[in-house]
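**Student:** Provided herewith: model11.cif, mmCIF, C-alpha atoms.
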data_my_file
loop_
_atom_site.label_atom_id
_atom_site.label_comp_id
_atom_site.auth_asym_id
_atom_site.auth_seq_id
_atom_site.Cartn_x
_atom_site.Cartn_y
_atom_site.Cartn_z
CA MET A 1 0.00 0.00 0.00
CA ARG A 2 0.96 3.63 -0.41
CA HIS A 3 3.23 4.89 2.38
CA THR A 4 0.81 6.94 4.49
CA PRO A 5 2.07 6.68 8.10
CA HIS A 6 -0.60 9.06 9.47
CA PHE A 7 -3.29 6.55 8.45
CA LEU A 8 -1.50 3.48 9.82
CA MET A 9 -3.60 1.00 11.80
CA THR A 10 -1.21 -0.76 14.18
CA ASP A 11 -3.56 -2.03 16.89
CA VAL A 12 -3.96 -5.81 16.48
CA ASP A 13 -7.48 -5.68 17.90
CA GLU A 14 -8.50 -3.12 15.27
CA VAL A 15 -7.19 -5.39 12.51
CA ARG A 16 -9.05 -8.34 14.04
CA HIS A 17 -12.21 -6.22 14.15
CA LEU A 18 -11.80 -5.44 10.44
CA ILE A 19 -11.32 -9.12 9.55
CA ASP A 20 -14.24 -10.25 11.70
CA GLY A 21 -16.57 -7.71 10.12
CA HIS A 22 -15.32 -8.16 6.55
CA PRO A 23 -14.18 -11.80 6.22
CA TRP A 24 -14.31 -12.02 2.41
CA ALA A 25 -10.68 -11.72 1.32
CA THR A 26 -8.35 -11.99 -1.65
CA ILE A 27 -5.44 -14.48 -1.49
CA VAL A 28 -2.46 -13.58 -3.69
CA SER A 29 0.42 -15.97 -4.32
CA HIS A 30 3.66 -15.44 -6.24
CA THR A 31 4.10 -18.88 -7.79
CA ALA A 32 6.49 -20.43 -10.28
CA SER A 33 3.82 -19.77 -12.93
CA GLY A 34 3.30 -16.14 -11.93
CA LEU A 35 0.80 -14.30 -9.76
CA VAL A 36 -2.35 -16.16 -8.71
CA ALA A 37 -5.35 -14.64 -6.89
CA SER A 38 -8.46 -16.24 -5.40
CA HIS A 39 -11.26 -15.10 -3.10
CA TYR A 40 -12.50 -16.89 0.04
CA PRO A 41 -13.99 -16.10 3.46
CA PHE A 42 -11.72 -16.29 6.50
CA LEU A 43 -12.34 -16.72 10.21
CA LEU A 44 -10.15 -15.64 13.08
CA GLU A 45 -8.82 -18.47 15.25
CA ALA A 46 -7.56 -18.06 18.81
CA PRO A 47 -3.79 -18.61 19.12
CA GLU A 48 -2.78 -21.91 20.67
CA PRO A 49 -1.49 -22.03 24.29
CA GLY A 50 2.04 -20.70 24.39
CA ASP A 51 1.60 -18.66 21.19
CA ASP A 52 1.86 -14.89 21.11
CA PRO A 53 -1.62 -13.68 22.18
CA ASP A 54 -1.27 -10.75 19.76
CA GLN A 55 -0.73 -13.00 16.77
CA ILE A 56 -3.49 -13.03 14.16
CA VAL A 57 -4.41 -16.55 13.07
CA LEU A 58 -6.62 -17.06 10.00
CA VAL A 59 -8.44 -20.21 8.92
CA SER A 60 -10.29 -20.93 5.70
CA HIS A 61 -10.40 -23.35 2.80
CA VAL A 62 -9.88 -23.31 -0.94
CA GLY A 63 -11.66 -25.33 -3.57
CA ARG A 64 -9.56 -27.85 -5.40
CA PRO A 65 -7.38 -27.35 -7.42
CA ASP A 66 -6.65 -23.86 -6.04
CA GLU A 67 -4.24 -25.37 -3.51
CA VAL A 68 -2.11 -26.50 -6.47
CA ALA A 69 -2.44 -23.22 -8.38
CA HIS A 70 -1.34 -21.25 -5.30
CA GLU A 71 1.37 -23.77 -4.30
CA LEU A 72 -0.10 -23.53 -0.81
CA GLY A 73 2.29 -24.39 1.98
CA GLN A 74 5.37 -23.82 -0.17
CA HIS A 75 5.74 -20.07 0.33
CA GLU A 76 4.25 -16.94 1.83
CA VAL A 77 0.93 -15.60 0.57
CA LEU A 78 -0.73 -12.20 0.86
CA VAL A 79 -4.31 -12.01 2.15
CA VAL A 80 -6.11 -8.69 1.57
CA PHE A 81 -9.10 -7.65 3.67
CA GLN A 82 -11.16 -4.67 2.53
CA GLY A 83 -13.49 -2.88 4.94
CA PRO A 84 -15.78 0.08 4.23
CA HIS A 85 -14.58 2.24 1.37
CA GLY A 86 -15.91 4.84 -1.00
CA TYR A 87 -15.50 8.04 -2.97
CA VAL A 88 -15.39 11.33 -1.03
CA SER A 89 -16.58 14.21 -3.18
CA PRO A 90 -15.10 17.70 -2.90
CA ALA A 91 -18.73 18.88 -2.94
CA TRP A 92 -18.54 18.08 0.79
CA TYR A 93 -15.42 20.25 1.23
CA PRO A 94 -15.01 24.03 1.44
CA PRO A 95 -14.73 25.67 -2.02
CA GLU A 96 -10.95 26.00 -1.84
CA GLN A 97 -10.56 22.25 -1.28
CA PHE A 98 -11.44 20.77 -4.67
CA VAL A 99 -9.42 17.53 -4.82
CA PRO A 100 -11.50 14.38 -4.15
CA THR A 101 -10.24 11.26 -2.41
CA TRP A 102 -11.17 7.67 -1.63
CA ASN A 103 -11.59 6.68 2.00
CA HIS A 104 -10.98 3.07 2.96
CA VAL A 105 -10.09 0.57 5.67
CA THR A 106 -7.70 -2.11 4.39
CA ALA A 107 -5.39 -4.75 5.84
CA HIS A 108 -2.66 -6.73 4.05
CA CYS A 109 -1.66 -9.89 5.94
CA TRP A 110 1.30 -12.13 5.09
CA GLY A 111 1.94 -15.70 6.19
CA THR A 112 2.72 -19.20 4.97
CA PRO A 113 -0.37 -21.44 4.88
CA GLU A 114 -0.47 -24.67 6.85
CA ILE A 115 -2.54 -27.40 5.18
CA LEU A 116 -5.17 -28.78 7.55
CA SER A 117 -6.03 -32.43 8.03
CA ASP A 118 -9.37 -33.64 6.66
CA ASP A 119 -10.91 -33.57 10.13
CA GLU A 120 -9.61 -30.06 10.85
CA ASN A 121 -10.83 -28.88 7.47
CA PHE A 122 -14.30 -30.24 8.15
CA ARG A 123 -14.34 -28.55 11.55
CA VAL A 124 -13.37 -25.21 10.00
CA LEU A 125 -15.99 -25.61 7.26
CA GLY A 126 -18.59 -26.21 9.96
CA GLU A 127 -17.44 -23.15 11.88
CA LEU A 128 -17.64 -21.03 8.72
CA VAL A 129 -21.22 -22.16 8.08
CA ASP A 130 -22.19 -21.62 11.73
CA HIS A 131 -20.54 -18.17 11.75
CA PHE A 132 -22.62 -16.89 8.85
CA GLU A 133 -25.80 -18.79 9.69
CA ARG A 134 -25.97 -17.49 13.26
CA VAL A 135 -27.92 -14.39 12.20
CA MET A 136 -30.50 -16.36 10.23
CA PRO A 137 -33.95 -16.99 11.76
CA GLU A 138 -33.45 -20.75 11.42
CA PRO A 139 -29.69 -21.43 11.16
CA VAL A 140 -28.58 -24.34 8.97
CA SER A 141 -25.65 -26.53 10.04
CA LEU A 142 -23.52 -29.13 8.29
CA GLU A 143 -24.86 -31.51 10.93
CA VAL A 144 -28.13 -31.63 8.96
CA ASP A 145 -26.48 -34.32 6.84
CA GLU A 146 -22.91 -34.85 8.01
CA ASP A 147 -22.18 -37.74 5.65
CA THR A 148 -23.08 -35.69 2.58
CA ALA A 149 -21.23 -32.66 3.97
CA ARG A 150 -18.07 -34.74 4.50
CA ARG A 151 -18.22 -36.04 0.93
CA MET A 152 -18.53 -32.48 -0.38
CA ALA A 153 -15.70 -31.33 1.89
CA LYS A 154 -13.32 -33.59 -0.02
CA GLY A 155 -13.45 -31.00 -2.80
CA THR A 156 -11.83 -28.44 -0.51
CA VAL A 157 -8.48 -27.99 1.23
CA GLY A 158 -8.38 -26.32 4.65
CA ILE A 159 -5.66 -23.81 5.52
CA ARG A 160 -4.40 -22.01 8.60
CA ILE A 161 -2.29 -18.86 8.28
CA ARG A 162 -0.39 -17.50 11.25
CA VAL A 163 0.09 -13.90 10.17
CA ALA A 164 3.79 -13.05 10.26
CA ARG A 165 3.22 -9.35 9.59
CA PHE A 166 0.49 -6.98 8.47
CA ASP A 167 0.18 -3.54 6.92
CA ALA A 168 -3.16 -1.87 7.64
CA ARG A 169 -4.60 1.55 6.84
CA ALA A 170 -7.67 3.43 8.04
CA LYS A 171 -7.88 6.46 5.74
CA LEU A 172 -11.02 8.13 7.04
CA SER A 173 -10.61 11.90 6.58
CA GLN A 174 -8.60 12.24 9.80
CA ASN A 175 -6.64 15.05 8.08
CA LYS A 176 -9.77 17.19 7.69
CA ALA A 177 -11.15 19.76 10.10
CA PRO A 178 -14.04 18.56 12.33
CA GLU A 179 -16.59 20.72 10.51
CA VAL A 180 -15.50 19.24 7.18
CA VAL A 181 -15.74 15.72 8.59
CA GLU A 182 -19.33 16.50 9.62
CA ARG A 183 -20.15 17.43 6.02
CA ILE A 184 -18.46 14.28 4.73
CA VAL A 185 -20.48 12.12 7.12
CA ALA A 186 -23.69 13.92 6.11
CA GLY A 187 -22.89 13.30 2.45
CA LEU A 188 -22.18 9.62 3.05
CA ARG A 189 -25.45 9.29 4.98
CA GLY A 190 -27.44 11.09 2.30
CA ASP A 191 -29.24 9.65 -0.71
CA GLY A 192 -26.74 10.71 -3.34
CA PRO A 193 -24.75 8.47 -5.71
CA TYR A 194 -21.91 8.04 -3.20
CA ALA A 195 -23.98 7.34 -0.11
CA SER A 196 -22.35 4.76 2.17
CA PRO A 197 -23.71 4.42 5.73
CA ALA A 198 -21.02 1.88 6.66
CA LEU A 199 -18.25 4.26 5.58
CA ALA A 200 -19.99 7.11 7.43
CA ASP A 201 -19.92 5.00 10.60
CA ALA A 202 -16.20 4.32 10.14
CA VAL A 203 -15.42 8.02 9.58
CA GLU A 204 -17.35 8.94 12.72
CA ARG A 205 -15.51 6.32 14.79
CA ALA A 206 -12.17 7.62 13.49
CA GLN A 207 -13.17 11.17 14.45
CA VAL A 208 -14.08 10.05 17.98
CA ASP A 209 -10.75 8.22 18.30
CA ARG A 210 -8.95 11.31 17.03
CA THR A 211 -10.67 13.52 19.64
CA VAL A 212 -9.94 11.08 22.46
CA SER A 213 -6.29 10.85 21.41
CA ARG A 214 -5.92 14.63 21.40
CA GLU A 215 -7.54 14.98 24.83
CA ALA A 216 -5.29 12.27 26.26
CA SER A 217 -2.11 13.90 24.95
#
Could you show the structure in this file as structure tokens?
**Tutor:**
Amino acid sequence: MRHTPHFLMTDVDEVRHLIDGHPWATIVSHTASGLVASHYPFLLEAPEPGDDPDQIVLVSHVGRPDEVAHELGQHEVLVVFQGPHGYVSPAWYPPEQFVPTWNHVTAHCWGTPEILSDDENFRVLGELVDHFERVMPEPVSLEVDEDTARRMAKGTVGIRIRVARFDARAKLSQNKAPEVVERIVAGLRGDGPYASPALADAVERAQVDRTVSREAS
């Protein structure tokens, strides 16, 4: 990502919050055949006893033969998580500020995948289903027909990635005056072509954090 140190997101819990709220990610591998990218949902997994409690651990699966295309387990991969993002129009700025921008919350995570056993893979698949079904009125589980689910699971390969390092940014108009931020939030909450309530929420949270930080200093 572009070197923007004033938008750096270094708090591990903030990165976890981003991943938990936006689990659909892009996996990028630099293989012998060139760059390969795929898209899958990820879950956060608690570090094992004795591990660094601040380490981010990701679990997911890929559909065969993506594990071959990505050469999973042979080298480091990049996993990109994208949170709220959107265009910020200069119509929400004072007249002298006429250059637009794009606000976003993004995390790049690097690590070498560990291939899961069949049983671990099935457990993770079940956890993925349960995670997304929990908000449904009548959640569906793989336990509805475990035999069929296990047969289908053979078409997938489970992975665990212990994140070795991450680079995260929360670019949310922190460099704008409070009154300008209010106009940006109003624009994002409006009914115009660039309305984005989720991004408006993120900008407001960043403004609160900014105020708290200034008061504490």
**Student:** Might you spell out which residues the PyMOL selection byres ((chain A and resi 99-107) around 9) would select in the displayed file, as a count of residues only?
**Tutor:** 33
**Student:** Residues at most 8 Å from range 145-157 of chain A, counting all atoms listed in the file, excluding those fewer than 4 positions away in the same chain, as an MDAnalysis selection string?
**Tutor:** chainID A and resid 61:64 67 115:116 118 121:122 125
**Student:** For CA of Leu188 in chain A and CA of Asp209 in chain A, quote the distance in Å rounded to one decimal.
**Tutor:**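 Result for CA of Leu188 in chain A versus CA of Asp209 in chain A: 19.1 Å, one decimal.
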**Student:** Which polymer residues have any atom within 10 Å of an atom of Gln74 in chain A, counting all atoms listed in the file, with same-chain residues fewer than 5 positions away left out, as a VMD selection string?
**Tutor:** chain A and resid 31 112 to 114
**Student:** Take the residues from that selection and put them in a file with C-alpha atoms, as a compact mmCIF listing (two decimals), in the frame of the given file.
**Tutor:**
# COMPACT_ATOMS: atom_id res chain seq x y z
CA THR A 31 4.10 -18.88 -7.79
CA THR A 112 2.72 -19.20 4.97
CA PRO A 113 -0.37 -21.44 4.88
CA GLU A 114 -0.47 -24.67 6.85
**Student:** Of the residues A:His30, A:Arg165, A:Leu44, A:Asp130, which is the one nearest to Thr10 in chain A, using only C-alpha atoms?
**Tutor:**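 Ranked by minimum distance to Thr10 in chain A, first place goes to A:Arg165.
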**Student:** Could you tell me how far CA of Trp92 in chain A sits from CA of Ala177 in chain A, in Å to one decimal place?
**Tutor:**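 Spanning CA of Ala177 in chain A to CA of Trp92 in chain A is a straight-line distance of 12.0 Å.
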**Student:** Tell me, in Å to one decimal, how far CA of Val57 in chain A is from CA of Ile161 in chain A.
**Tutor:**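 Calculated distance between CA of Val57 in chain A and CA of Ile161 in chain A is 5.7 Å.
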**Student:** Measuring between all atoms listed in the file, which one of A:Gln207, A:Leu128, A:Gly158, A:Pro139 shows the shortest distance to Glu182 in chain A?
**Tutor:**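 Closest to Glu182 in chain A, using all atoms listed in the file: A:Gln207.
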**Student:** Which of these, A:Ser141, A:Gly190, A:Gln174, A:Val181, has the shortest distance to His6 in chain A once you count only C-alpha atoms?
**Tutor:**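 Smallest distance to His6 in chain A is found for A:Gln174.
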**Student:** Identify which of the residues A:Tyr40, A:Ser60, A:Glu76, A:Glu138 lies closest to Glu120 in chain A, counting all atoms listed in the file when measuring atom-to-atom distances.
**Tutor:**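 Of all the options, A:Ser60 lies closest to Glu120 in chain A.
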**Student:** Going by the chain IDs and residue numbers used in this file, which residues fall under the PyMOL selection byres ((chain A and resi 16) around 10)? Write them as a ChimeraX atom specification.
**Tutor:** /A:11-15,17-23,43-44,54-58,107
**Student:** Box in all listed atoms of range 97-106 of chain A, axis-aligned, with 5 Å more on each side; write out centre and edge lengths in Å to one decimal as AutoDock Vina command-line options.
**Tutor:**
--center_x -9.6 --center_y 10.1 --center_z 0.4 --size_x 13.9 --size_y 34.4 --size_z 20.5
